[in-house]
Amino acid sequence: MKKISILIPCYNEEQSLPLLYPELVKLIDANPDYEWELMFVNDGSKDNTLTVLQQLRQQDSRVNYVDLSRNFGKEAAMLAGFDHVTGDCMVIIDADLQHPPTLIPEMIKWWEQGYDDVYAKRKSRGKESWLRKRLSLQFYKILQRSSRFEVLQNVGDFRLLDRCCINALKQLRESERYTKGMYSWIGFKKKEIEFEQGDRIAGESSWNYRQLFSFAIDGITSFTNAPLRISTVVGFVVSLCAFLYMIYVFFKAVIFGDPVQGYPTLVILILFLGGIQLLSLGIIGEYIGRIYNETKNRPDYIVREVNGEKKL
Ligand code: UDP
Ligand code: MG
């Protein structure tokens, strides 16, 4: 019998879990041809999520949970899940029922037909502010133009991954994780299906604009060196112009003489070049920061307990 794991990262989801669990049980009962595993990752919730998970585990041995020692973020929580699921395939789903579990049988159907990565694309983005929609659209445009592979818009973490994809993702141990890019990066046979995204069932979204901005920077810097190249090109063009201008000023001074003028030119040049240099330094700094983080080689998450058993 093939085993299917469902991975659910949870951060402050005590209200959503009692609603999600019956939905999942409904799904499992309707598909007895498979062995099922529910893998909840408690990402350092501040509410009673852990207690809820412990209770579920007591009632139902298909429920497993990994409890992280603090909030490491959804990306790291998912990696913890990748390391602990044991299924032949895995479905990643949000705890807030924004991803309908009723779509899972369709994913399984495509998986059985040989697809390794069946991902769900949102038809609409649900209730979201106009600004957030625009910003997200712009971000994908930039990422798309500057990297060599496709990072799809309106496609999130809701997907079914075959064991081979899970094992591939487990090999990517970088600490500033941008999993959405990784799904494309690892390749394998992909299939797109569509769904209508609902609104969060309980609790609130844990993303604010600052986090989304830094997530966007992570996405761009971890998958393309384009900003670095832009700074090189701009730096080159600017120094070329400055050099030509210098020659022009030199010959003008030699041929026509030079009354003491040129103060504005000087200031403009200094400011302009200074600005360009700062910009380039900033971009380089961004990458050095990443190198620094990677060289620390820290684990991406720390597990406190698995199914009640203490690790460490
Ligand atoms: N999540 C997590 N760790 C975090 C933030 C979120 O594990 O630090 C989980 C959360 O419990 C939910 C999923 O990631 O299952 C999506 O989070 P959310 O609904 O807040 O994001 P949105 O749907 O607004 O993108
Ligand atoms: Mg959500």
# chains A, B, ... in the order shown; residues from 1 in each chain; ligands from 1

call {"tool": "residues_around", "arguments": {"residues": "region 189-195 of chain A", "least_positions_apart": "4", "cutoff": "6 Å", "atoms": "only C-alpha atoms", "output": "PyMOL selection string"}}
result
chain A and resi 115-123

call {"tool": "residues_near_ligand", "arguments": {"ligand": "ligand 1", "cutoff": "6 Å", "atoms": "only C-alpha atoms and all ligand atoms", "output": "PyMOL selection string"}}
result
chain A and resi 9-11+13+43+71+73-74+77+94-96+205-207

call {"tool": "closest_residue", "arguments": {"among": "A:Lys170, A:Gly285, A:Lys180, A:Ser239", "to": "Leu152 (chain A)", "atoms": "only C-alpha atoms"}}
result
A:Lys180

call {"tool": "closest_atom_pairs", "arguments": {"of": "region 32-82 of chain A", "to": "region 105-111 of chain A", "cutoff": "12 Å", "atoms": "only C-alpha atoms", "output": "Markdown table"}}
result
| residue | atom | partner | partner_atom | distance |
| --- | --- | --- | --- | --- |
| A:Pro32 | CA | A:Pro105 | CA | 11.8 |
| A:Asp33 | CA | A:Ile108 | CA | 11.6 |
| A:Tyr34 | CA | A:Ile108 | CA | 10.3 |

call {"tool": "closest_residue", "arguments": {"among": "A:Asn12, A:Ser146, A:Asn293, A:Ser61", "to": "ligand 2", "atoms": "only C-alpha atoms and all ligand atoms"}}
result
A:Asn12

call {"tool": "select_by_dssp", "arguments": {"residues": "region 42-114 of chain A", "states": "alpha helix (DSSP H)", "output": "VMD selection string"}}
result
chain A and resid 49 to 59 74 to 84 104 to 112

call {"tool": "write_last_selection", "arguments": {"atoms": "N, CA, C and O atoms", "output": "tab-separated table (two decimals), in the first residue's frame"}}
result
chain	number	residue	atom	x	y	z
A	49	THR	N	-1.47	25.62	20.39
A	49	THR	CA	-1.38	24.70	19.26
A	49	THR	C	-0.79	23.36	19.67
A	49	THR	O	-1.29	22.30	19.30
A	50	LEU	N	0.28	23.41	20.48
A	50	LEU	CA	0.95	22.16	20.88
A	50	LEU	C	0.00	21.24	21.65
A	50	LEU	O	-0.07	20.04	21.38
A	51	THR	N	-0.76	21.83	22.59
A	51	THR	CA	-1.71	21.03	23.37
A	51	THR	C	-2.74	20.38	22.45
A	51	THR	O	-3.06	19.20	22.61
A	52	VAL	N	-3.23	21.16	21.48
A	52	VAL	CA	-4.20	20.62	20.53
A	52	VAL	C	-3.58	19.43	19.79
A	52	VAL	O	-4.21	18.38	19.65
A	53	LEU	N	-2.33	19.59	19.37
A	53	LEU	CA	-1.66	18.51	18.62
A	53	LEU	C	-1.48	17.28	19.49
A	53	LEU	O	-1.68	16.15	19.05
A	54	GLN	N	-1.08	17.50	20.75
A	54	GLN	CA	-0.89	16.36	21.66
A	54	GLN	C	-2.19	15.59	21.84
A	54	GLN	O	-2.20	14.35	21.84
A	55	GLN	N	-3.31	16.34	21.95
A	55	GLN	CA	-4.61	15.67	22.10
A	55	GLN	C	-4.95	14.85	20.86
A	55	GLN	O	-5.40	13.71	20.96
A	56	LEU	N	-4.71	15.46	19.69
A	56	LEU	CA	-5.00	14.74	18.44
A	56	LEU	C	-4.18	13.47	18.36
A	56	LEU	O	-4.66	12.41	17.97
A	57	ARG	N	-2.92	13.57	18.75
A	57	ARG	CA	-2.01	12.43	18.70
A	57	ARG	C	-2.50	11.29	19.59
A	57	ARG	O	-2.37	10.12	19.26
A	58	GLN	N	-3.06	11.67	20.74
A	58	GLN	CA	-3.56	10.64	21.65
A	58	GLN	C	-4.74	9.88	21.06
A	58	GLN	O	-4.84	8.67	21.22
A	59	GLN	N	-5.62	10.63	20.34
A	59	GLN	CA	-6.80	9.98	19.77
A	59	GLN	C	-6.47	9.17	18.53
A	59	GLN	O	-7.17	8.22	18.20
A	74	LYS	N	7.85	29.80	8.30
A	74	LYS	CA	7.22	28.72	7.56
A	74	LYS	C	8.22	27.92	6.73
A	74	LYS	O	8.11	26.70	6.62
A	75	GLU	N	9.20	28.60	6.14
A	75	GLU	CA	10.14	27.92	5.26
A	75	GLU	C	10.92	26.84	6.03
A	75	GLU	O	11.07	25.72	5.57
A	76	ALA	N	11.43	27.21	7.20
A	76	ALA	CA	12.19	26.26	8.01
A	76	ALA	C	11.27	25.17	8.56
A	76	ALA	O	11.64	24.00	8.63
A	77	ALA	N	10.04	25.56	8.92
A	77	ALA	CA	9.09	24.57	9.44
A	77	ALA	C	8.81	23.51	8.38
A	77	ALA	O	8.72	22.32	8.68
A	78	MET	N	8.71	23.96	7.12
A	78	MET	CA	8.46	22.99	6.05
A	78	MET	C	9.65	22.04	5.89
A	78	MET	O	9.48	20.85	5.69
A	79	LEU	N	10.86	22.59	6.00
A	79	LEU	CA	12.05	21.73	5.88
A	79	LEU	C	12.04	20.68	6.99
A	79	LEU	O	12.34	19.51	6.76
A	80	ALA	N	11.67	21.10	8.21
A	80	ALA	CA	11.57	20.13	9.31
A	80	ALA	C	10.59	19.04	8.93
A	80	ALA	O	10.83	17.85	9.19
A	81	GLY	N	9.49	19.43	8.28
A	81	GLY	CA	8.51	18.45	7.83
A	81	GLY	C	9.10	17.51	6.78
A	81	GLY	O	8.94	16.30	6.87
A	82	PHE	N	9.84	18.08	5.80
A	82	PHE	CA	10.45	17.23	4.76
A	82	PHE	C	11.31	16.15	5.40
A	82	PHE	O	11.36	15.02	4.95
A	83	ASP	N	12.04	16.54	6.46
A	83	ASP	CA	12.96	15.60	7.10
A	83	ASP	C	12.22	14.50	7.86
A	83	ASP	O	12.79	13.46	8.14
A	84	HIS	N	10.99	14.75	8.26
A	84	HIS	CA	10.30	13.79	9.11
A	84	HIS	C	9.21	12.97	8.43
A	84	HIS	O	8.82	11.94	8.96
A	104	ILE	N	-7.08	17.38	-2.92
A	104	ILE	CA	-6.01	16.39	-2.79
A	104	ILE	C	-6.26	15.13	-3.65
A	104	ILE	O	-5.33	14.66	-4.30
A	105	PRO	N	-7.51	14.59	-3.70
A	105	PRO	CA	-7.71	13.41	-4.56
A	105	PRO	C	-7.30	13.66	-6.01
A	105	PRO	O	-6.74	12.77	-6.66
A	106	GLU	N	-7.56	14.89	-6.50
A	106	GLU	CA	-7.17	15.19	-7.88
A	106	GLU	C	-5.64	15.16	-8.02
A	106	GLU	O	-5.10	14.66	-9.01
A	107	MET	N	-4.95	15.70	-6.99
A	107	MET	CA	-3.49	15.68	-7.02
A	107	MET	C	-2.99	14.24	-7.08
A	107	MET	O	-2.08	13.91	-7.83
A	108	ILE	N	-3.60	13.39	-6.24
A	108	ILE	CA	-3.17	11.99	-6.18
A	108	ILE	C	-3.37	11.31	-7.53
A	108	ILE	O	-2.54	10.53	-7.99
A	109	LYS	N	-4.50	11.67	-8.19
A	109	LYS	CA	-4.79	11.09	-9.51
A	109	LYS	C	-3.63	11.38	-10.48
A	109	LYS	O	-3.14	10.50	-11.17
A	110	TRP	N	-3.17	12.63	-10.49
A	110	TRP	CA	-2.07	13.00	-11.40
A	110	TRP	C	-0.77	12.34	-10.98
A	110	TRP	O	0.04	11.94	-11.80
A	111	TRP	N	-0.58	12.23	-9.67
A	111	TRP	CA	0.63	11.55	-9.17
A	111	TRP	C	0.68	10.12	-9.64
A	111	TRP	O	1.70	9.62	-10.12
A	112	GLU	N	-0.49	9.44	-9.58
A	112	GLU	CA	-0.58	8.05	-10.01
A	112	GLU	C	-0.28	7.94	-11.50
A	112	GLU	O	0.14	6.89	-11.99

call {"tool": "atom_distance", "arguments": {"atom1": "CA of Lys133 (chain A)", "atom2": "CA of Gly203 (chain A)"}}
result
21.1 Å

call {"tool": "closest_residue", "arguments": {"among": "A:Glu176, A:Cys89, A:Phe243, A:Thr224", "to": "Tyr292 (chain A)", "atoms": "only C-alpha atoms"}}
result
A:Glu176

call {"tool": "select_by_dssp", "arguments": {"residues": "region 17-254 of chain A", "states": "strand (DSSP E)", "output": "ChimeraX atom specification"}}
result
/A:35-42,63-68,89-92,117-122,155-162,190-195

call {"tool": "closest_residue", "arguments": {"among": "A:Asn208, A:Gln98, A:Gln144, A:Ser124", "to": "ligand 2", "atoms": "only C-alpha atoms and all ligand atoms"}}
result
A:Gln98

call {"tool": "atom_distance", "arguments": {"atom1": "CA of Ser222 (chain A)", "atom2": "CA of Asn167 (chain A)"}}
result
20.1 Å

call {"tool": "atom_distance", "arguments": {"atom1": "CA of Gln138 (chain A)", "atom2": "CA of Trp185 (chain A)"}}
result
20.9 Å

call {"tool": "residues_around", "arguments": {"residues": "Val91 (chain A)", "least_positions_apart": "6", "cutoff": "9 Å", "atoms": "only C-alpha atoms", "output": "PyMOL selection string"}}
result
chain A and resi 4-8+104+107+158-162
